[in-house]
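Colleague: Sharing data-v8.txt, compact mmCIF, C-alpha atoms:
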```
# COMPACT_ATOMS: atom_id res chain seq x y z
CA MET A 20 21.04 6.23 -15.24
CA ILE A 21 20.32 2.68 -14.01
CA ARG A 22 20.55 1.41 -17.58
CA VAL A 23 23.92 3.12 -18.02
CA GLU A 24 25.32 1.60 -14.82
CA LEU A 25 24.07 -1.88 -15.73
CA SER A 26 25.58 -1.55 -19.18
CA LYS A 27 28.94 -0.59 -17.68
CA LEU A 28 28.75 -3.55 -15.35
CA LEU A 29 27.94 -6.09 -18.06
CA ARG A 30 30.55 -4.73 -20.48
CA SER A 31 33.32 -4.79 -17.87
CA ARG A 32 35.84 -7.59 -18.33
CA ARG A 33 36.59 -7.42 -14.61
CA THR A 34 32.97 -8.31 -13.80
CA TRP A 35 33.11 -11.60 -15.66
CA THR A 36 36.64 -12.40 -14.50
CA THR A 37 35.57 -11.93 -10.88
CA ILE A 38 32.48 -14.10 -11.34
CA ALA A 39 34.58 -16.82 -12.98
CA LEU A 40 37.08 -16.82 -10.11
CA ILE A 41 34.33 -17.00 -7.48
CA ASP A 42 32.59 -19.77 -9.42
CA ALA A 43 35.81 -21.78 -9.72
CA LEU A 44 36.20 -22.39 -5.98
CA PRO A 45 32.99 -24.37 -5.27
CA THR A 46 33.48 -26.20 -8.57
CA LEU A 47 36.93 -27.30 -7.41
CA VAL A 48 35.52 -28.35 -4.05
CA GLY A 49 32.84 -30.42 -5.79
CA VAL A 50 35.42 -32.20 -7.91
CA LEU A 51 37.60 -32.92 -4.86
CA LEU A 52 34.64 -34.28 -2.89
CA ALA A 53 33.75 -36.58 -5.78
CA VAL A 54 37.21 -37.96 -6.58
CA THR A 55 38.83 -38.07 -3.11
CA ASP A 56 37.97 -39.24 0.40
CA LEU A 57 38.23 -35.75 1.89
CA GLY A 58 34.54 -35.62 2.81
CA PRO A 59 33.01 -37.70 5.62
CA ARG A 60 31.13 -40.87 4.80
CA PRO A 61 27.38 -40.44 4.17
CA GLY A 62 25.60 -40.21 7.52
CA GLU A 63 28.73 -39.02 9.30
CA GLY A 64 30.03 -35.51 9.95
CA PRO A 65 27.90 -32.33 9.87
CA ALA A 66 24.30 -32.96 8.78
CA PHE A 67 24.43 -30.39 5.97
CA LEU A 68 27.63 -31.80 4.45
CA SER A 69 26.32 -35.36 4.81
CA ALA A 70 23.13 -34.41 2.96
CA VAL A 71 25.13 -32.75 0.16
CA LEU A 72 27.37 -35.80 -0.29
CA THR A 73 24.35 -38.05 -0.76
CA ASP A 74 22.38 -35.69 -3.01
CA GLY A 75 24.11 -33.44 -5.55
CA THR A 76 20.98 -31.31 -6.01
CA LEU A 77 21.85 -29.72 -2.66
CA PHE A 78 25.35 -28.74 -3.79
CA PRO A 79 24.26 -25.19 -4.83
CA LEU A 80 23.63 -24.54 -1.13
CA ALA A 81 27.08 -25.85 -0.25
CA ALA A 82 28.51 -23.58 -2.94
CA LEU A 83 26.77 -20.61 -1.33
CA ALA A 84 28.16 -21.60 2.05
CA ILE A 85 31.65 -21.67 0.51
CA VAL A 86 31.58 -18.26 -1.19
CA LEU A 87 29.30 -16.32 1.18
CA PRO A 88 31.52 -15.87 4.24
CA LEU A 89 34.52 -14.34 2.42
CA PHE A 90 34.88 -14.38 -1.35
CA LEU A 91 31.53 -12.94 -2.41
CA PRO A 92 31.61 -10.14 0.21
CA ILE A 93 35.10 -9.15 -0.96
CA ALA A 94 33.89 -8.91 -4.56
CA VAL A 95 30.83 -6.89 -3.52
CA SER A 96 32.98 -4.61 -1.36
CA VAL A 97 35.26 -3.83 -4.30
CA THR A 98 32.38 -3.35 -6.74
CA ALA A 99 30.29 -1.08 -4.51
CA GLY A 100 33.33 0.57 -2.93
CA GLU A 101 34.38 2.15 -6.19
CA ALA A 102 30.86 3.38 -7.00
CA ILE A 103 31.51 6.97 -5.91
CA ALA A 104 35.12 7.02 -4.74
CA GLY A 105 36.30 5.38 -7.97
CA GLU A 106 34.51 7.94 -10.12
CA ALA A 107 35.88 10.78 -7.98
CA ALA A 108 39.44 9.44 -8.17
CA ALA A 109 39.15 9.08 -11.95
CA GLY A 110 37.85 12.64 -12.24
CA THR A 111 34.59 11.60 -13.90
CA LEU A 112 32.22 12.18 -10.98
CA ARG A 113 32.03 15.92 -11.53
CA TYR A 114 31.10 15.43 -15.18
CA VAL A 115 28.44 12.88 -14.24
CA LEU A 116 26.87 15.36 -11.83
CA VAL A 117 27.00 18.18 -14.37
CA ARG A 118 24.28 16.38 -16.27
CA PRO A 119 20.72 16.72 -14.93
CA VAL A 120 21.14 13.72 -12.66
CA GLY A 121 20.15 14.00 -9.00
CA ARG A 122 22.60 12.66 -6.46
CA LEU A 123 19.98 10.39 -4.92
CA ARG A 124 19.20 8.95 -8.34
CA LEU A 125 22.90 8.34 -8.93
CA LEU A 126 23.27 6.54 -5.59
CA VAL A 127 20.24 4.36 -6.36
CA ALA A 128 21.71 3.49 -9.76
CA LYS A 129 25.03 2.56 -8.17
CA LEU A 130 23.32 0.36 -5.56
CA VAL A 131 21.19 -1.33 -8.24
CA ALA A 132 24.33 -2.04 -10.29
CA ALA A 133 26.05 -3.55 -7.23
CA MET A 134 22.99 -5.69 -6.57
CA ALA A 135 22.90 -6.78 -10.22
CA PHE A 136 26.47 -8.00 -9.78
CA VAL A 137 25.38 -9.98 -6.72
CA VAL A 138 22.38 -11.52 -8.50
CA LEU A 139 24.47 -12.45 -11.52
CA THR A 140 27.22 -14.00 -9.40
CA VAL A 141 24.85 -15.97 -7.17
CA LEU A 142 22.90 -17.34 -10.13
CA VAL A 143 26.07 -18.39 -11.98
CA VAL A 144 27.47 -20.08 -8.87
CA ALA A 145 24.17 -21.86 -8.15
CA ALA A 146 23.69 -23.04 -11.73
CA THR A 147 27.25 -24.30 -12.04
CA ALA A 148 27.07 -25.99 -8.64
CA TYR A 149 23.84 -27.75 -9.60
CA VAL A 150 25.39 -29.16 -12.77
CA VAL A 151 28.58 -30.18 -10.95
CA GLY A 152 26.66 -31.64 -8.01
CA VAL A 153 24.30 -33.74 -10.09
CA ALA A 154 27.10 -34.91 -12.40
CA LEU A 155 29.63 -35.79 -9.69
CA LEU A 156 27.65 -36.44 -6.49
CA GLY A 157 24.48 -37.90 -7.98
CA ASP A 158 20.82 -36.95 -8.08
CA GLN A 159 18.89 -38.75 -5.39
CA SER A 160 15.61 -37.63 -6.95
CA VAL A 161 16.29 -40.10 -9.76
CA GLN A 162 15.86 -42.98 -7.31
CA VAL A 163 13.21 -41.41 -5.09
CA VAL A 164 10.60 -38.75 -5.51
CA GLY A 165 12.39 -35.68 -4.17
CA SER A 166 15.59 -35.05 -2.24
CA THR A 167 16.77 -35.45 1.33
CA SER A 168 16.62 -32.51 3.74
CA VAL A 169 19.32 -31.69 6.29
CA SER A 170 17.04 -33.28 8.88
CA GLY A 171 17.06 -36.54 6.94
CA THR A 172 13.47 -36.36 5.72
CA SER A 173 12.38 -36.33 2.08
CA LEU A 174 11.76 -33.11 0.13
CA SER A 175 9.68 -33.13 -3.03
CA THR A 176 11.16 -31.55 -6.13
CA PRO A 177 8.86 -28.48 -5.92
CA GLU A 178 9.83 -28.05 -2.25
CA LEU A 179 13.52 -28.29 -3.09
CA VAL A 180 13.24 -25.75 -5.92
CA GLY A 181 11.19 -23.33 -3.82
CA ARG A 182 13.55 -23.53 -0.85
CA THR A 183 16.58 -23.16 -3.10
CA PHE A 184 15.23 -19.92 -4.58
CA LEU A 185 14.43 -18.65 -1.08
CA ALA A 186 18.01 -19.42 -0.04
CA LEU A 187 19.41 -17.61 -3.08
CA GLY A 188 17.20 -14.61 -2.33
CA TYR A 189 18.34 -14.59 1.29
CA ALA A 190 22.01 -14.67 0.26
CA MET A 191 21.39 -11.77 -2.13
CA LEU A 192 19.80 -9.74 0.66
CA CYS A 193 22.83 -10.35 2.88
CA MET A 194 25.11 -9.08 0.12
CA LEU A 195 22.86 -6.06 -0.40
CA GLY A 196 23.73 -5.16 3.19
CA VAL A 197 27.43 -5.37 2.29
CA ALA A 198 26.84 -3.22 -0.80
CA ALA A 199 25.04 -0.54 1.25
CA ILE A 200 27.94 -0.34 3.72
CA ALA A 201 30.48 -0.16 0.88
CA LEU A 202 28.44 2.51 -0.91
CA PHE A 203 28.38 4.65 2.23
CA LEU A 204 32.14 4.30 2.70
CA SER A 205 32.57 5.12 -0.99
CA THR A 206 31.01 8.53 -0.33
CA VAL A 207 33.38 9.06 2.60
CA ALA A 208 36.71 7.62 1.44
CA SER A 209 38.96 9.39 -1.03
CA SER A 210 39.73 6.17 -2.93
CA SER A 211 37.85 3.05 -3.93
CA LEU A 212 40.54 0.92 -2.26
CA GLY A 213 39.90 2.66 1.04
CA ALA A 214 36.16 2.06 0.77
CA ALA A 215 36.64 -1.61 -0.13
CA LEU A 216 39.16 -2.23 2.65
CA GLY A 217 36.92 -0.43 5.14
CA THR A 218 33.98 -2.65 4.20
CA MET A 219 36.06 -5.82 4.37
CA SER A 220 37.41 -4.84 7.78
CA ILE A 221 33.83 -4.48 9.04
CA PHE A 222 32.68 -7.96 8.03
CA VAL A 223 35.99 -9.62 8.95
CA GLY A 224 35.80 -7.95 12.35
CA SER A 225 32.16 -9.04 12.66
CA SER A 226 33.12 -12.64 11.88
CA LEU A 227 35.86 -12.57 14.51
CA LEU A 228 33.58 -11.06 17.14
CA LEU A 229 31.07 -13.86 16.59
CA THR A 230 33.64 -16.31 17.96
CA LEU A 231 34.21 -14.36 21.20
CA ASP A 232 32.09 -14.88 24.31
CA ALA A 233 32.75 -11.27 25.30
CA SER A 234 30.71 -10.05 22.30
CA GLU A 235 27.54 -11.85 23.35
CA ALA A 236 25.72 -8.57 24.08
CA ILE A 237 26.15 -7.33 20.49
CA ARG A 238 26.31 -10.67 18.65
CA ASP A 239 22.76 -10.52 17.28
CA TYR A 240 23.43 -7.09 15.75
CA LEU A 241 26.64 -7.96 13.90
CA PRO A 242 26.26 -7.86 10.09
CA THR A 243 27.52 -11.41 9.51
CA ARG A 244 25.50 -12.96 12.36
CA TYR A 245 22.85 -14.67 10.22
CA TRP A 246 24.58 -15.01 6.85
CA LEU A 247 24.47 -18.82 6.86
CA ALA A 248 20.95 -19.09 8.27
CA PHE A 249 19.70 -20.16 4.81
CA VAL A 250 20.68 -23.72 5.78
CA ASP A 251 17.62 -23.72 8.08
CA LEU A 252 15.44 -23.61 4.96
CA PHE A 253 16.49 -27.20 4.30
CA ARG A 254 15.45 -28.54 7.68
CA ASP A 255 12.11 -30.21 8.20
CA PRO A 256 10.31 -28.31 9.52
CA ILE A 257 11.95 -25.04 8.49
CA LEU A 258 13.48 -23.11 11.38
CA TRP A 259 12.34 -19.56 10.71
CA ARG A 260 13.71 -17.73 13.77
CA ASP A 261 17.24 -16.98 12.52
CA LEU A 262 15.99 -16.38 8.97
CA GLN A 263 13.49 -13.77 10.12
CA ALA A 264 16.07 -12.12 12.36
CA GLY A 265 18.55 -12.11 9.46
CA VAL A 266 16.08 -10.46 7.09
CA ILE A 267 15.22 -7.75 9.62
CA LEU A 268 18.90 -7.12 10.41
CA GLN A 269 19.97 -6.86 6.75
CA VAL A 270 17.05 -4.58 5.85
CA ALA A 271 18.04 -2.35 8.77
CA TYR A 272 21.66 -2.21 7.55
CA VAL A 273 20.54 -1.36 4.01
CA VAL A 274 18.19 1.41 5.16
CA VAL A 275 20.63 2.95 7.66
CA PHE A 276 23.74 2.89 5.50
CA PHE A 277 22.00 3.94 2.29
CA ALA A 278 20.42 6.85 4.16
CA ALA A 279 23.85 7.73 5.57
CA ALA A 280 25.35 7.54 2.07
CA TRP A 281 22.69 9.88 0.70
CA ALA A 282 23.04 12.31 3.62
CA ASN A 283 26.81 12.49 3.13
CA PHE A 284 26.79 12.56 -0.66
CA ALA A 285 24.02 15.15 -0.87
CA THR A 286 26.24 17.72 0.86
CA LYS A 287 29.58 16.51 -0.49
CA ASP A 288 31.60 19.11 -2.37
CA VAL A 289 32.74 17.43 -5.58
CA THR A 290 35.67 19.36 -6.94
CA ASP A 291 37.71 16.67 -8.73
```
Will you turn the file into structure tokens for me?

Modeller:
Amino acid sequence: MIRVELSKLLRSRRTWTTIALIDALPTLVGVLLAVTDLGPRPGEGPAFLSAVLTDGTLFPLAALAIVLPLFLPIAVSVTAGEAIAGEAAAGTLRYVLVRPVGRLRLLVAKLVAAMAFVVLTVLVVAATAYVVGVALLGDQSVQVVGSTSVSGTSLSTPELVGRTFLALGYAMLCMLGVAAIALFLSTVASSSLGAALGTMSIFVGSSLLLTLDASEAIRDYLPTRYWLAFVDLFRDPILWRDLQAGVILQVAYVVVFFAAAWANFATKDVTD
């Protein structure tokens, strides 16, 4: 079942079109930063942006920061939102369940396929951003051994690579939380559009609540609270507090919403 879902994902033209559109935005930003004066001068402005402008090897992290708050969650919401609701609306869900496939196994396959989409998108964005960053913003490791951290200290090449992969893994975990929420809503909603819009409303609302002082009591439990904490991996020393809190929070969202999806889908009467 997992192999079937992955095959459907990879053969879908929409999958690759979506990835290309998401990848285009940070690429465009990289080009604009290189050929215009839109960015602050090196040493000025936010520390993360200043570090990126002086070392293109850090641009994959900037690319993640660009797509993570909005564009990647939207794509994940649509992909995971149609997992069950889309099949039901198309009238194929009943035929899938006629085969000797358990509902839990089907849900796991759908979540794995959504996560495969996330992994594929993040890797494409990171690889493209690395090429664009080095080509247009320069590679500081050519002049010195390593790259510059957000704190201004030097990072060796192995440190940079290791921290980059940790950041990519953290971003994937955050999107797994989005996929779990969308999968649950997909078992509840009657259409994939409803599930996707419901998921998007949750993380848009979460992002808005983070800006309000009145939400201080629930701020640390909002799904988008620690999405950009991966930047702390590029400080020296690494600030682990928000990263650890983010991992615990996202794991909790995945467990709770996947369990809710299974509980609802296990008793759902599929008649279409």

Colleague: Near Arg182 (chain A), within 12 Å and counting all atoms listed in the file, which residues show up once chain neighbours fewer than 5 positions away are dropped, as an MDAnalysis selection string?

Modeller: chainID A and resid 76:77 79:80 166 168 174:177 187:189 249:257

Colleague: Need to verify the contact set: Gly157 (chain A), 8 Å, all atoms listed in the file, exclusion of same-chain residues closer than 3 positions in sequence. Can you return it as a PyMOL selection string?

Modeller: chain A and resi 73-76+152-154

Colleague: Find the residues near Ala82 (chain A): any atom within 12 Å, counting only C-alpha atoms, skip ones fewer than 4 places away on the same chain, and give them as a count of residues only.

Modeller: 40

Colleague: What is the distance, in Å and to one decimal place, between CA of Thr34 (chain A) and CA of Leu112 (chain A)?

Modeller: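 About the pair CA of Thr34 (chain A) and CA of Leu112 (chain A): they are 20.7 Å apart.
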
Colleague: Please report the interatomic distance between CA of Ala264 (chain A) and CA of Trp246 (chain A) in Å with one decimal.

Modeller: 10.5 Å

Colleague: Give one line per residue of region 250-285 of chain A that approaches region 203-221 of chain A to at most 8 Å, naming the two atoms of the closest pair and their distance in Å to one decimal, counting all atoms listed in the file; sort by chain then ascending residue number and deliver it as JSON lines.

Modeller:
```
{"residue": "A:Phe276", "atom": "CA", "partner": "A:Phe203", "partner_atom": "CA", "distance": 5.9}
{"residue": "A:Phe277", "atom": "CA", "partner": "A:Phe203", "partner_atom": "CA", "distance": 6.4}
{"residue": "A:Ala279", "atom": "CA", "partner": "A:Phe203", "partner_atom": "CA", "distance": 6.4}
{"residue": "A:Ala280", "atom": "CA", "partner": "A:Phe203", "partner_atom": "CA", "distance": 4.2}
{"residue": "A:Trp281", "atom": "CA", "partner": "A:Phe203", "partner_atom": "CA", "distance": 7.9}
{"residue": "A:Asn283", "atom": "CA", "partner": "A:Thr206", "partner_atom": "CA", "distance": 6.7}
{"residue": "A:Phe284", "atom": "CA", "partner": "A:Thr206", "partner_atom": "CA", "distance": 5.8}
```

Colleague: Have a look at CA of Ala199 (chain A) and CA of Val274 (chain A) and let me know their distance in Å, one decimal.

Modeller: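 CA of Val274 (chain A) lies at a distance of 8.1 Å from CA of Ala199 (chain A).
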